[in-house]
Every structure is written in structure tokens, then in C-alpha cells.
file my_file_20.cif (mmCIF, C-alpha atoms)
data_coords
loop_
_atom_site.label_atom_id
_atom_site.label_comp_id
_atom_site.auth_asym_id
_atom_site.auth_seq_id
_atom_site.Cartn_x
_atom_site.Cartn_y
_atom_site.Cartn_z
CA MET A 1 17.94 -26.11 8.45
CA PRO A 2 17.06 -23.29 10.89
CA LYS A 3 14.38 -20.85 9.80
CA PRO A 4 15.51 -17.26 9.16
CA ILE A 5 14.99 -14.60 11.81
CA LEU A 6 12.25 -12.22 10.73
CA LYS A 7 13.75 -8.87 11.67
CA PHE A 8 11.50 -5.88 11.06
CA ALA A 9 10.79 -2.38 12.33
CA VAL A 10 7.34 -1.56 13.73
CA LEU A 11 6.18 2.00 13.08
CA ALA A 12 2.61 2.07 14.41
CA GLY A 13 2.04 5.81 14.04
CA ASP A 14 -1.02 7.70 15.24
CA TYR A 15 -4.66 7.29 16.38
CA ILE A 16 -5.86 3.80 15.32
CA GLY A 17 -2.38 2.91 14.05
CA PRO A 18 -1.18 1.43 17.37
CA GLU A 19 -4.54 -0.31 17.94
CA VAL A 20 -4.55 -2.29 14.69
CA MET A 21 -0.79 -2.83 14.83
CA ALA A 22 -1.06 -4.52 18.23
CA GLU A 23 -3.59 -7.01 16.87
CA ALA A 24 -1.60 -7.66 13.69
CA LEU A 25 1.46 -8.46 15.77
CA ARG A 26 -0.61 -10.76 17.97
CA VAL A 27 -1.76 -12.64 14.88
CA LEU A 28 1.81 -12.79 13.58
CA ASP A 29 3.03 -14.14 16.93
CA HIS A 30 0.47 -16.95 16.62
CA VAL A 31 1.58 -17.73 13.05
CA ALA A 32 5.19 -17.79 14.22
CA ARG A 33 4.39 -20.31 16.95
CA LEU A 34 2.51 -22.52 14.51
CA GLU A 35 5.31 -22.52 11.96
CA GLY A 36 8.39 -22.27 14.16
CA LEU A 37 9.36 -18.81 12.94
CA VAL A 38 11.67 -16.55 14.92
CA LEU A 39 10.52 -12.92 15.20
CA SER A 40 12.70 -9.94 16.05
CA HIS A 41 11.00 -6.58 15.85
CA GLN A 42 11.67 -3.15 17.29
CA ALA A 43 9.14 -0.35 17.67
CA ALA A 44 9.90 3.28 16.82
CA ASP A 45 7.97 6.56 16.69
CA VAL A 46 6.80 8.06 13.42
CA GLY A 47 4.34 10.71 12.26
CA GLY A 48 2.56 12.70 14.93
CA ALA A 49 4.06 10.46 17.61
CA GLY A 50 7.50 11.36 16.30
CA ILE A 51 6.67 15.07 16.38
CA ASP A 52 5.32 14.90 19.93
CA ARG A 53 8.24 12.90 21.36
CA HIS A 54 11.19 13.91 19.19
CA GLY A 55 10.18 17.10 17.37
CA GLN A 56 10.29 15.35 13.97
CA ALA A 57 7.83 13.21 12.03
CA LEU A 58 10.72 10.93 11.05
CA PRO A 59 13.27 11.04 13.88
CA GLU A 60 16.85 9.98 13.21
CA SER A 61 16.47 7.23 15.81
CA THR A 62 13.53 5.79 13.86
CA LEU A 63 15.51 5.88 10.63
CA ARG A 64 18.34 3.96 12.33
CA VAL A 65 15.91 1.27 13.52
CA CYS A 66 14.59 0.89 9.98
CA GLU A 67 18.09 0.69 8.51
CA GLN A 68 18.92 -2.22 10.80
CA ALA A 69 15.77 -4.16 9.82
CA ASP A 70 14.86 -6.31 6.81
CA ALA A 71 11.42 -4.72 6.42
CA ILE A 72 9.18 -2.01 7.88
CA LEU A 73 5.68 -2.74 9.15
CA PHE A 74 3.95 0.62 9.08
CA GLY A 75 0.65 1.75 10.62
CA SER A 76 -0.73 5.16 9.66
CA VAL A 77 0.20 8.76 10.42
CA GLY A 78 -1.38 12.17 10.72
CA GLY A 79 -4.61 13.66 11.97
CA PRO A 80 -6.20 16.90 13.21
CA LYS A 81 -3.77 17.36 16.09
CA TRP A 82 -0.98 18.31 13.67
CA GLU A 83 -2.93 19.98 10.84
CA LYS A 84 -1.88 23.50 11.88
CA LEU A 85 1.78 22.75 11.27
CA PRO A 86 3.35 24.04 8.04
CA PRO A 87 2.59 21.57 5.20
CA LYS A 88 6.21 20.42 4.94
CA GLU A 89 6.22 19.50 8.64
CA GLN A 90 2.93 17.59 8.74
CA PRO A 91 3.19 13.84 9.47
CA GLU A 92 2.09 12.50 6.10
CA ARG A 93 4.52 14.63 4.09
CA ALA A 94 7.40 14.67 6.57
CA ALA A 95 7.41 10.94 7.34
CA LEU A 96 6.26 8.81 4.42
CA LEU A 97 7.89 10.72 1.55
CA PRO A 98 11.32 10.84 3.25
CA LEU A 99 11.07 7.11 4.05
CA ARG A 100 10.32 6.33 0.40
CA ARG A 101 13.19 8.53 -0.72
CA HIS A 102 15.69 7.18 1.83
CA PHE A 103 15.08 3.53 1.00
CA THR A 104 14.25 4.10 -2.71
CA LEU A 105 10.84 2.47 -2.20
CA PHE A 106 9.91 2.85 -5.84
CA ALA A 107 7.22 0.19 -6.29
CA ASN A 108 3.85 0.30 -4.59
CA ILE A 109 1.81 -2.88 -4.88
CA ARG A 110 -1.79 -2.41 -3.82
CA PRO A 111 -4.23 -5.32 -4.17
CA GLY A 112 -7.83 -4.33 -4.85
CA LEU A 113 -9.67 -7.21 -3.23
CA LEU A 114 -13.37 -7.43 -2.45
CA TYR A 115 -14.72 -10.81 -1.33
CA ARG A 116 -17.91 -11.94 -3.02
CA GLU A 117 -19.60 -11.96 0.39
CA LEU A 118 -18.81 -8.26 0.87
CA THR A 119 -20.14 -6.87 -2.41
CA ASP A 120 -22.75 -4.90 -0.46
CA ALA A 121 -19.88 -2.74 0.83
CA SER A 122 -19.05 -1.46 -2.64
CA PRO A 123 -20.78 1.61 -4.11
CA LEU A 124 -20.93 -0.33 -7.39
CA LYS A 125 -24.09 -2.27 -8.16
CA SER A 126 -23.68 -5.90 -7.14
CA GLU A 127 -24.62 -7.10 -10.63
CA ARG A 128 -21.47 -5.40 -11.95
CA ILE A 129 -19.27 -7.32 -9.50
CA PRO A 130 -21.19 -10.54 -8.70
CA ASP A 131 -18.01 -12.37 -7.71
CA GLY A 132 -16.34 -9.43 -5.99
CA ILE A 133 -13.18 -7.67 -7.20
CA ASP A 134 -9.66 -9.01 -7.59
CA ILE A 135 -7.20 -6.62 -9.27
CA VAL A 136 -3.77 -5.14 -8.50
CA CYS A 137 -2.42 -1.60 -8.94
CA ILE A 138 1.33 -1.20 -9.42
CA ARG A 139 2.26 2.45 -8.77
CA GLU A 140 5.65 4.04 -9.37
CA LEU A 141 6.40 5.71 -6.06
CA THR A 142 9.56 7.84 -6.18
CA GLY A 143 9.29 9.81 -9.43
CA GLY A 144 6.90 12.18 -11.17
CA LEU A 145 5.35 15.34 -9.75
CA TYR A 146 5.85 14.40 -6.11
CA PHE A 147 9.65 14.34 -6.34
CA GLY A 148 10.54 16.39 -9.45
CA LYS A 149 12.54 19.62 -9.15
CA PRO A 150 11.98 22.55 -9.20
CA LYS A 151 9.14 22.46 -6.68
CA GLU A 152 8.53 25.95 -5.38
CA THR A 153 6.19 28.86 -4.83
CA THR A 154 7.48 32.30 -5.82
CA THR A 155 6.20 35.86 -6.01
CA LEU A 156 6.57 37.32 -9.48
CA PRO A 157 7.79 40.88 -10.21
CA ASP A 158 4.19 42.01 -10.84
CA GLY A 159 3.12 40.71 -7.41
CA ASP A 160 1.35 37.61 -8.66
CA VAL A 161 2.16 34.30 -6.97
CA GLN A 162 3.28 31.27 -8.99
CA ALA A 163 3.64 27.65 -7.87
CA VAL A 164 5.64 25.08 -9.83
CA ASP A 165 5.74 21.28 -9.62
CA THR A 166 7.86 19.34 -12.09
CA MET A 167 6.96 15.95 -13.55
CA VAL A 168 10.13 14.05 -14.45
CA TYR A 169 10.68 10.42 -15.48
CA LYS A 170 13.70 8.55 -16.77
CA LYS A 171 13.49 5.53 -19.01
CA SER A 172 15.34 3.50 -16.37
CA GLU A 173 12.72 4.40 -13.72
CA ILE A 174 9.91 3.25 -16.02
CA GLU A 175 11.67 -0.02 -16.80
CA ARG A 176 12.29 -0.61 -13.09
CA ILE A 177 8.62 -0.36 -12.11
CA LEU A 178 7.66 -2.34 -15.19
CA GLN A 179 9.75 -5.28 -14.01
CA VAL A 180 7.65 -5.41 -10.84
CA ALA A 181 4.44 -5.21 -12.86
CA ILE A 182 5.56 -8.00 -15.19
CA THR A 183 6.42 -10.28 -12.27
CA THR A 184 3.05 -9.56 -10.68
CA ALA A 185 1.15 -10.16 -13.93
CA ARG A 186 2.96 -13.45 -14.56
CA ALA A 187 1.90 -14.67 -11.12
CA ARG A 188 -1.74 -13.97 -12.00
CA LYS A 189 -3.48 -13.96 -15.41
CA ARG A 190 -0.60 -12.66 -17.59
CA LYS A 191 -2.60 -9.55 -18.40
CA LEU A 192 -1.12 -6.06 -17.97
CA CYS A 193 -2.61 -2.62 -18.63
CA SER A 194 -0.34 0.44 -18.65
CA VAL A 195 -2.06 3.72 -17.74
CA ASP A 196 -0.72 7.08 -18.95
CA LYS A 197 -1.72 10.41 -20.54
CA ALA A 198 0.34 10.12 -23.70
CA ASN A 199 -2.02 12.35 -25.67
CA VAL A 200 -0.96 15.34 -23.54
CA LEU A 201 2.14 14.73 -21.41
CA GLU A 202 5.70 14.33 -22.68
CA THR A 203 6.54 12.05 -19.75
CA SER A 204 3.64 9.82 -20.76
CA VAL A 205 4.88 9.62 -24.35
CA LEU A 206 8.15 8.24 -22.97
CA TRP A 207 6.21 6.02 -20.56
CA ARG A 208 4.13 4.41 -23.32
CA LYS A 209 7.06 3.89 -25.69
CA THR A 210 9.21 2.41 -22.92
CA VAL A 211 6.46 0.05 -21.78
CA THR A 212 5.76 -1.07 -25.35
CA ASP A 213 9.41 -1.68 -26.22
CA TYR A 214 10.31 -3.33 -22.91
CA CYS A 215 7.37 -5.74 -22.94
CA ALA A 216 8.04 -6.67 -26.56
CA ALA A 217 11.62 -7.53 -25.66
CA HIS A 218 11.18 -9.06 -22.20
CA ALA A 219 7.54 -10.07 -21.73
CA PRO A 220 5.98 -11.11 -25.06
CA ASP A 221 3.98 -13.71 -23.10
CA LEU A 222 1.85 -10.97 -21.49
CA ALA A 223 -1.30 -9.48 -22.98
CA LEU A 224 -0.33 -5.80 -22.89
CA SER A 225 -2.77 -2.92 -23.30
CA HIS A 226 -2.61 0.86 -22.86
CA MET A 227 -5.24 3.23 -21.49
CA TYR A 228 -5.42 6.96 -20.85
CA VAL A 229 -5.79 7.76 -17.15
CA ASP A 230 -9.15 9.54 -17.48
CA ASN A 231 -10.60 6.51 -19.27
CA ALA A 232 -9.02 4.19 -16.71
CA ALA A 233 -10.77 6.08 -13.90
CA MET A 234 -14.08 5.63 -15.70
CA GLN A 235 -13.47 1.96 -16.48
CA LEU A 236 -12.61 1.20 -12.85
CA ALA A 237 -16.05 2.46 -11.87
CA ARG A 238 -17.79 0.74 -14.77
CA ASP A 239 -16.16 -2.70 -14.82
CA PRO A 240 -13.14 -3.06 -12.51
CA ASN A 241 -12.54 -6.73 -13.29
CA GLN A 242 -11.69 -5.94 -16.91
CA PHE A 243 -8.29 -5.16 -15.37
CA ASP A 244 -6.07 -7.72 -13.72
CA VAL A 245 -2.81 -5.82 -13.13
CA PHE A 246 -2.40 -2.19 -14.11
CA VAL A 247 0.80 -0.13 -13.84
CA THR A 248 1.09 3.64 -13.81
CA GLU A 249 3.14 6.63 -12.67
CA ASN A 250 3.09 8.21 -9.24
CA MET A 251 0.25 10.76 -9.26
CA PHE A 252 -2.05 8.69 -11.48
CA GLY A 253 -1.41 5.69 -9.23
CA ASP A 254 -2.18 7.72 -6.13
CA ILE A 255 -5.58 8.71 -7.53
CA LEU A 256 -6.53 5.40 -9.17
CA SER A 257 -5.51 3.29 -6.17
CA ASP A 258 -7.74 5.41 -3.93
CA GLU A 259 -10.61 5.01 -6.37
CA MET A 260 -9.92 1.29 -6.32
CA ALA A 261 -10.09 1.35 -2.52
CA VAL A 262 -13.52 2.98 -2.63
CA ILE A 263 -15.03 0.46 -5.04
CA CYS A 264 -13.60 -2.34 -2.89
CA GLY A 265 -15.83 -1.20 -0.04
CA SER A 266 -13.67 -0.56 2.98
CA LEU A 267 -10.17 0.78 3.52
CA GLY A 268 -10.08 -1.48 6.55
CA MET A 269 -9.63 -4.47 4.24
CA LEU A 270 -6.92 -3.17 1.89
CA SER A 271 -3.18 -3.69 2.33
CA SER A 272 -0.19 -2.41 0.39
CA ALA A 273 3.51 -3.07 -0.13
CA SER A 274 6.17 -0.53 -1.11
CA LEU A 275 9.28 -2.32 -2.34
CA GLY A 276 12.76 -0.85 -2.54
CA ALA A 277 15.58 -1.00 -5.02
CA GLY A 278 17.87 -2.61 -2.44
CA LYS A 279 17.92 -6.07 -0.91
CA ASN A 280 17.66 -6.95 2.76
CA SER A 281 20.04 -9.24 4.66
CA LEU A 282 18.17 -12.26 3.25
CA GLY A 283 18.75 -11.15 -0.33
CA LEU A 284 15.04 -10.30 -0.74
CA PRO A 285 13.40 -6.93 -1.44
CA PHE A 286 13.43 -4.45 1.41
CA GLY A 287 9.90 -3.12 1.77
CA LEU A 288 7.46 -1.03 3.76
CA TYR A 289 4.07 -2.62 4.41
CA GLU A 290 1.03 -0.61 5.44
CA PRO A 291 -2.78 -0.50 5.33
CA ALA A 292 -4.32 1.60 2.57
CA GLY A 293 -6.43 3.59 5.06
CA GLY A 294 -5.59 6.42 7.41
CA THR A 295 -5.55 7.10 11.14
CA ALA A 296 -9.36 7.42 11.56
CA PRO A 297 -9.26 9.85 14.53
CA ASP A 298 -13.06 9.63 14.92
CA ILE A 299 -12.90 6.01 16.08
CA ALA A 300 -9.48 5.99 17.77
CA GLY A 301 -9.49 4.55 21.28
CA LYS A 302 -12.88 2.87 20.86
CA GLY A 303 -11.53 -0.58 20.02
CA ILE A 304 -13.67 -0.88 16.90
CA ALA A 305 -11.16 -0.32 14.06
CA ASN A 306 -10.81 -3.07 11.47
CA PRO A 307 -7.36 -4.72 11.83
CA CYS A 308 -7.65 -6.82 8.64
CA ALA A 309 -5.74 -4.42 6.39
CA GLN A 310 -2.85 -4.35 8.85
CA ILE A 311 -2.92 -8.15 9.13
CA LEU A 312 -2.97 -8.50 5.34
CA SER A 313 -0.02 -6.11 5.19
CA VAL A 314 1.82 -8.56 7.44
CA ALA A 315 1.06 -11.25 4.86
CA LEU A 316 2.59 -9.11 2.13
CA MET A 317 5.69 -8.61 4.28
CA LEU A 318 6.02 -12.35 4.79
CA ARG A 319 5.72 -12.92 1.03
CA HIS A 320 7.96 -10.23 -0.39
CA SER A 321 10.63 -9.47 2.24
CA PHE A 322 10.90 -12.89 3.87
CA GLY A 323 10.06 -15.26 1.02
CA LEU A 324 7.39 -17.11 3.01
CA GLU A 325 4.76 -17.56 0.29
CA THR A 326 2.99 -20.48 1.97
CA THR A 327 2.77 -18.65 5.29
CA ALA A 328 1.48 -15.50 3.61
CA THR A 329 -1.18 -17.45 1.74
CA ARG A 330 -2.20 -19.19 4.95
CA LEU A 331 -2.65 -15.86 6.71
CA GLU A 332 -4.65 -14.36 3.82
CA ALA A 333 -6.90 -17.42 3.78
CA ALA A 334 -7.52 -17.08 7.53
CA VAL A 335 -8.58 -13.44 7.12
CA LYS A 336 -10.91 -14.37 4.27
CA LYS A 337 -12.46 -17.26 6.19
CA ALA A 338 -12.97 -15.15 9.32
CA VAL A 339 -14.72 -12.39 7.38
CA THR A 340 -16.77 -14.53 5.01
CA SER A 341 -17.99 -16.77 7.81
CA GLY A 342 -19.59 -13.76 9.45
CA THR A 343 -17.14 -12.06 11.82
CA ARG A 344 -17.23 -8.38 10.90
CA THR A 345 -16.11 -5.08 12.32
CA GLY A 346 -18.56 -2.20 11.95
CA ASP A 347 -17.21 -0.96 8.62
CA ILE A 348 -18.17 -4.25 6.91
CA ALA A 349 -21.11 -5.38 9.06
CA PHE A 350 -23.99 -3.98 6.91
CA GLY A 351 -26.54 -4.14 9.70
CA ARG A 352 -25.28 -7.44 11.08
CA PRO A 353 -23.84 -7.70 14.59
CA SER A 354 -20.32 -6.32 14.65
CA VAL A 355 -17.24 -7.09 16.73
CA GLY A 356 -14.32 -5.00 17.95
CA THR A 357 -10.71 -4.88 16.87
CA ARG A 358 -9.47 -7.60 19.21
CA ALA A 359 -12.35 -9.98 18.48
CA MET A 360 -11.70 -9.63 14.76
CA ALA A 361 -8.08 -10.63 15.28
CA ASP A 362 -9.25 -13.52 17.49
CA ALA A 363 -11.37 -14.78 14.59
CA VAL A 364 -8.38 -14.67 12.24
CA ILE A 365 -6.30 -16.62 14.76
CA ALA A 366 -9.08 -19.19 15.15
CA ASN A 367 -9.07 -19.74 11.38
CA LEU A 368 -5.34 -20.22 10.96
#

call {"tool": "encode", "arguments": {"input": "my_file_20.cif", "output": "C-alpha cells"}}
result
Amino acid sequence: MPKPILKFAVLAGDYIGPEVMAEALRVLDHVARLEGLVLSHQAADVGGAGIDRHGQALPESTLRVCEQADAILFGSVGGPKWEKLPPKEQPERAALLPLRRHFTLFANIRPGLLYRELTDASPLKSERIPDGIDIVCIRELTGGLYFGKPKETTTLPDGDVQAVDTMVYKKSEIERILQVAITTARARKRKLCSVDKANVLETSVLWRKTVTDYCAAHAPDLALSHMYVDNAAMQLARDPNQFDVFVTENMFGDILSDEMAVICGSLGMLSSASLGAGKNSLGLPFGLYEPAGGTAPDIAGKGIANPCAQILSVALMLRHSFGLETTATRLEAAVKKAVTSGTRTGDIAFGRPSVGTRAMADAVIANL
């Protein structure tokens, strides 16, 4: 039986985005040769590159390329070059949010992974995380404050200025993200923590009730717990491995996943997947896959950026949008072996000799 064609859009973005994307694609090309996979990918401009070449952070031509693909492999967007633009026109806000909205990318899966050999990279004391960190954040991505209406700034009759953001959630939206969290928890330790602010927010009252009722009816096999978001932030810093999978709404997930990235040592090692409500041509989830970090303008063009997060994002794409679990696991194992055997970019070197972006990718290829 012929293997499926892996058809995906490549949106490298700005600054180090194209640098790490080039190495991730080189690693993927090697995997494809090893396993007889057929790749079909098309590059398109996004973010600052879209603004410079098309006048828009998300050009219509880029959207068309994405619509014709089965997944999006995304780099990173934004940086100082475009910071003087109006907020609504800046790359981060004018590219990523519209992409999430257009493809209903409602579920963000962000692994918090710190290898035991890299515990020195974490600001946490090594005795708190002797075996590293291995947790997953499931963040609802298309609801809450970021998308609720009204969202506006107005001048009041007395001359004062008022800004309004609206937090809105439907029961169906909560159940939808919960299904992703349940699937993720069942693939791991069958342990799920739901994070909310039900002692203050009406949306969180609905969130907690919906999670409780849905898990009782559909996932009684899971060990379900609830935690207020302020306590969750503290517990992540105190003992992150008390969690296995935690699920939360959009803004809380934005904050907690960034905290998780910090305690895991380096953004250069953390990947993410944003899955959509629709299916691709293979009948699998359409998704956008990107590193957790940003464009790092300070090191752009120096050939020293860590490509591992982008490579690990490729692994997530192989798993979720193309159903290639064995291939994804093989790629993740190669990254881990390369890093733990001593090949390190500067962000994870800790005084040891460091290598550049291309050499790091070479080490991953050598360990496939």
C-alpha cells in the first residue's frame, strides 16, 4: 500500500524563523528518505515577512496555501522592525490570531519536557526535579478574553477613557477542549487537572461544572482534580511533576504555558501543536505546529539558534495530522539522544562547548 503524501504549508516567519525551519525541513527530508515518505510542502510569507512583501501579516495568498494543505508548519513572527505599527497590524496579532480563527484551531497542546540531563537549565533547584520534567498543558485557544465581544476602547462623556475585553465561553467549547485533554491524559498516566478561577469568574463556574459532569459521564477512568489558576501557577514553580496533563481556558493557558516553558529551561527545546475542529484530506486533525519561543532578533543571522523546538514540532505534525506515531517517536528519540549525548546549542550548553544551528540538526540526523 503506498504511503500517504505529506502535504503541508511552511510559514517560516521572521528573524530566526527561517533559520530553524530550514534545519527542521532538512531533518524531515532525511526521515522521509529513511521511511519512504513522500513530502509535498509549499512555503508562504507570514508575519513581518508578509507585511514587507504583501502589506499584510497574513496575506490572502498565504491563507490559500494553508487551505490547500493538510497541516501548517509554522516558525515564529514579529520583532522590533514592526513594533511601531498599530497593535492590530503587528505580526503576532495580525497573523496568528486570524489563522487560529480561520481554521478554528481551538486546542493548543504544549508539552513541558525537560530531560534529566538538562536540569541545570531550569531555574528550579535540581533536587525538586531530579528526573527532569514531563507534563502537558492543554489550552483552549479560540475563546475567552482574546476573542470575546465587545472588545473596544471608548472615551466616556466625562472625558475618561474605558477599555473593555469580554470573557465568553460556551459549554460546547469547554467540552470540545476537554475531549482533547481526555485523549491526551489516557495516552499518559490517566491523570487530569482542570485549572480555573471558579471562586471569582462566572465563566469558570461553568468551566468547572462542565468538566466535572463531562468527565463523570465520559471519562470515569481518569483521576480528575481541580485547581484555581493562582494556586496552579505556584504549584508549577514548587513541584511541576505533581501535574501530568492540565487543561485550562485561553488566557490562563497562555500564562501557565509560558511559566512552564521557563521552568523547562529553554524555549529552544519546546514544541507545540494547535489542532483544529476540521479534518484534513487524510481524515486526521488539521493543525498548526510551531516552537514555543519567538523570533530572537538578537541572535538572528548568527547560525546559533536552537532548532530542536522546530524539529520537535515536526514530530507533533507527523503524529497528529499524518498519523505517523512511530515516525514521530523516532524523531523525538533522535533529538533526545543528540542532546543528552552532549551536542548542545548555546542556550543549553551550560559552559560546555556549543554548536551552531546546522550542527545541531546534523546530530539529530546522525541519531535517527

call {"tool": "closest_atom_pairs", "arguments": {"input": "my_file_20.cif", "of": "region 213-287 of chain A", "to": "region 164-183 of chain A", "cutoff": "12 Å", "atoms": "only C-alpha atoms", "output": "CSV"}}
result
residue,atom,partner,partner_atom,distance
A:Asp213,CA,A:Glu175,CA,9.8
A:Tyr214,CA,A:Glu175,CA,7.1
A:Cys215,CA,A:Ile182,CA,8.3
A:Ala216,CA,A:Ile182,CA,11.7
A:Ala217,CA,A:Glu175,CA,11.6
A:His218,CA,A:Ile182,CA,9.0
A:Ala219,CA,A:Ile182,CA,7.1
A:Pro220,CA,A:Ile182,CA,10.4
A:Asp221,CA,A:Ile182,CA,9.9
A:Leu222,CA,A:Ile182,CA,7.9
A:Ala223,CA,A:Ile182,CA,10.5
A:Leu224,CA,A:Ile182,CA,9.9
A:Asp244,CA,A:Ala181,CA,10.8
A:Val245,CA,A:Ala181,CA,7.3
A:Phe246,CA,A:Ala181,CA,7.6
A:Val247,CA,A:Ala181,CA,6.3
A:Thr248,CA,A:Ile177,CA,8.7
A:Glu249,CA,A:Ile174,CA,8.3
A:Asn250,CA,A:Met167,CA,9.7
A:Met251,CA,A:Met167,CA,9.5
A:Phe252,CA,A:Met167,CA,11.8
A:Ala273,CA,A:Val180,CA,11.7
A:Ser274,CA,A:Val180,CA,11.0
A:Leu275,CA,A:Val180,CA,9.2
A:Gly276,CA,A:Ile177,CA,10.4
A:Ala277,CA,A:Arg176,CA,8.7
A:Pro285,CA,A:Val180,CA,11.1

call {"tool": "atom_distance", "arguments": {"input": "my_file_20.cif", "atom1": "CA of Asp70 (chain A)", "atom2": "CA of Asn280 (chain A)"}}
result
5.0 Å

call {"tool": "closest_residue", "arguments": {"input": "my_file_20.cif", "among": "A:Met227, A:Val200, A:Ile135, A:Leu331", "to": "Cys264 (chain A)", "atoms": "only C-alpha atoms"}}
result
A:Ile135

call {"tool": "closest_residue", "arguments": {"input": "my_file_20.cif", "among": "A:Ala309, A:Leu6, A:Leu288, A:Ala121", "to": "Ala32 (chain A)", "atoms": "only C-alpha atoms"}}
result
A:Leu6

call {"tool": "residues_around", "arguments": {"input": "my_file_20.cif", "residues": "Pro59 (chain A)", "least_positions_apart": "4", "cutoff": "9 Å", "atoms": "all atoms listed in the file", "output": "ChimeraX atom specification"}}
result
/A:44-46,50-51,54-55,63-64,95

call {"tool": "residues_around", "arguments": {"input": "my_file_20.cif", "residues": "Pro297 (chain A)", "least_positions_apart": "6", "cutoff": "10 Å", "atoms": "all atoms listed in the file", "output": "compact mmCIF listing (two decimals) with C-alpha atoms, keeping the file's coordinate frame"}}
result
# COMPACT_ATOMS: atom_id res chain seq x y z
CA ASP A 14 -1.02 7.70 15.24
CA TYR A 15 -4.66 7.29 16.38
CA ILE A 16 -5.86 3.80 15.32
CA GLY A 17 -2.38 2.91 14.05
CA GLY A 78 -1.38 12.17 10.72
CA GLY A 79 -4.61 13.66 11.97
CA PRO A 80 -6.20 16.90 13.21
CA LYS A 81 -3.77 17.36 16.09

call {"tool": "closest_residue", "arguments": {"input": "my_file_20.cif", "among": "A:Phe322, A:Gly143, A:Asn306, A:Val136", "to": "Pro111 (chain A)", "atoms": "all atoms listed in the file"}}
result
A:Val136

call {"tool": "residues_near_point", "arguments": {"input": "my_file_20.cif", "point": "(9.6, 13.7, 6.7)", "cutoff": "9 Å", "atoms": "all atoms listed in the file", "output": "PyMOL selection string"}}
result
chain A and resi 47+56-59+88-99
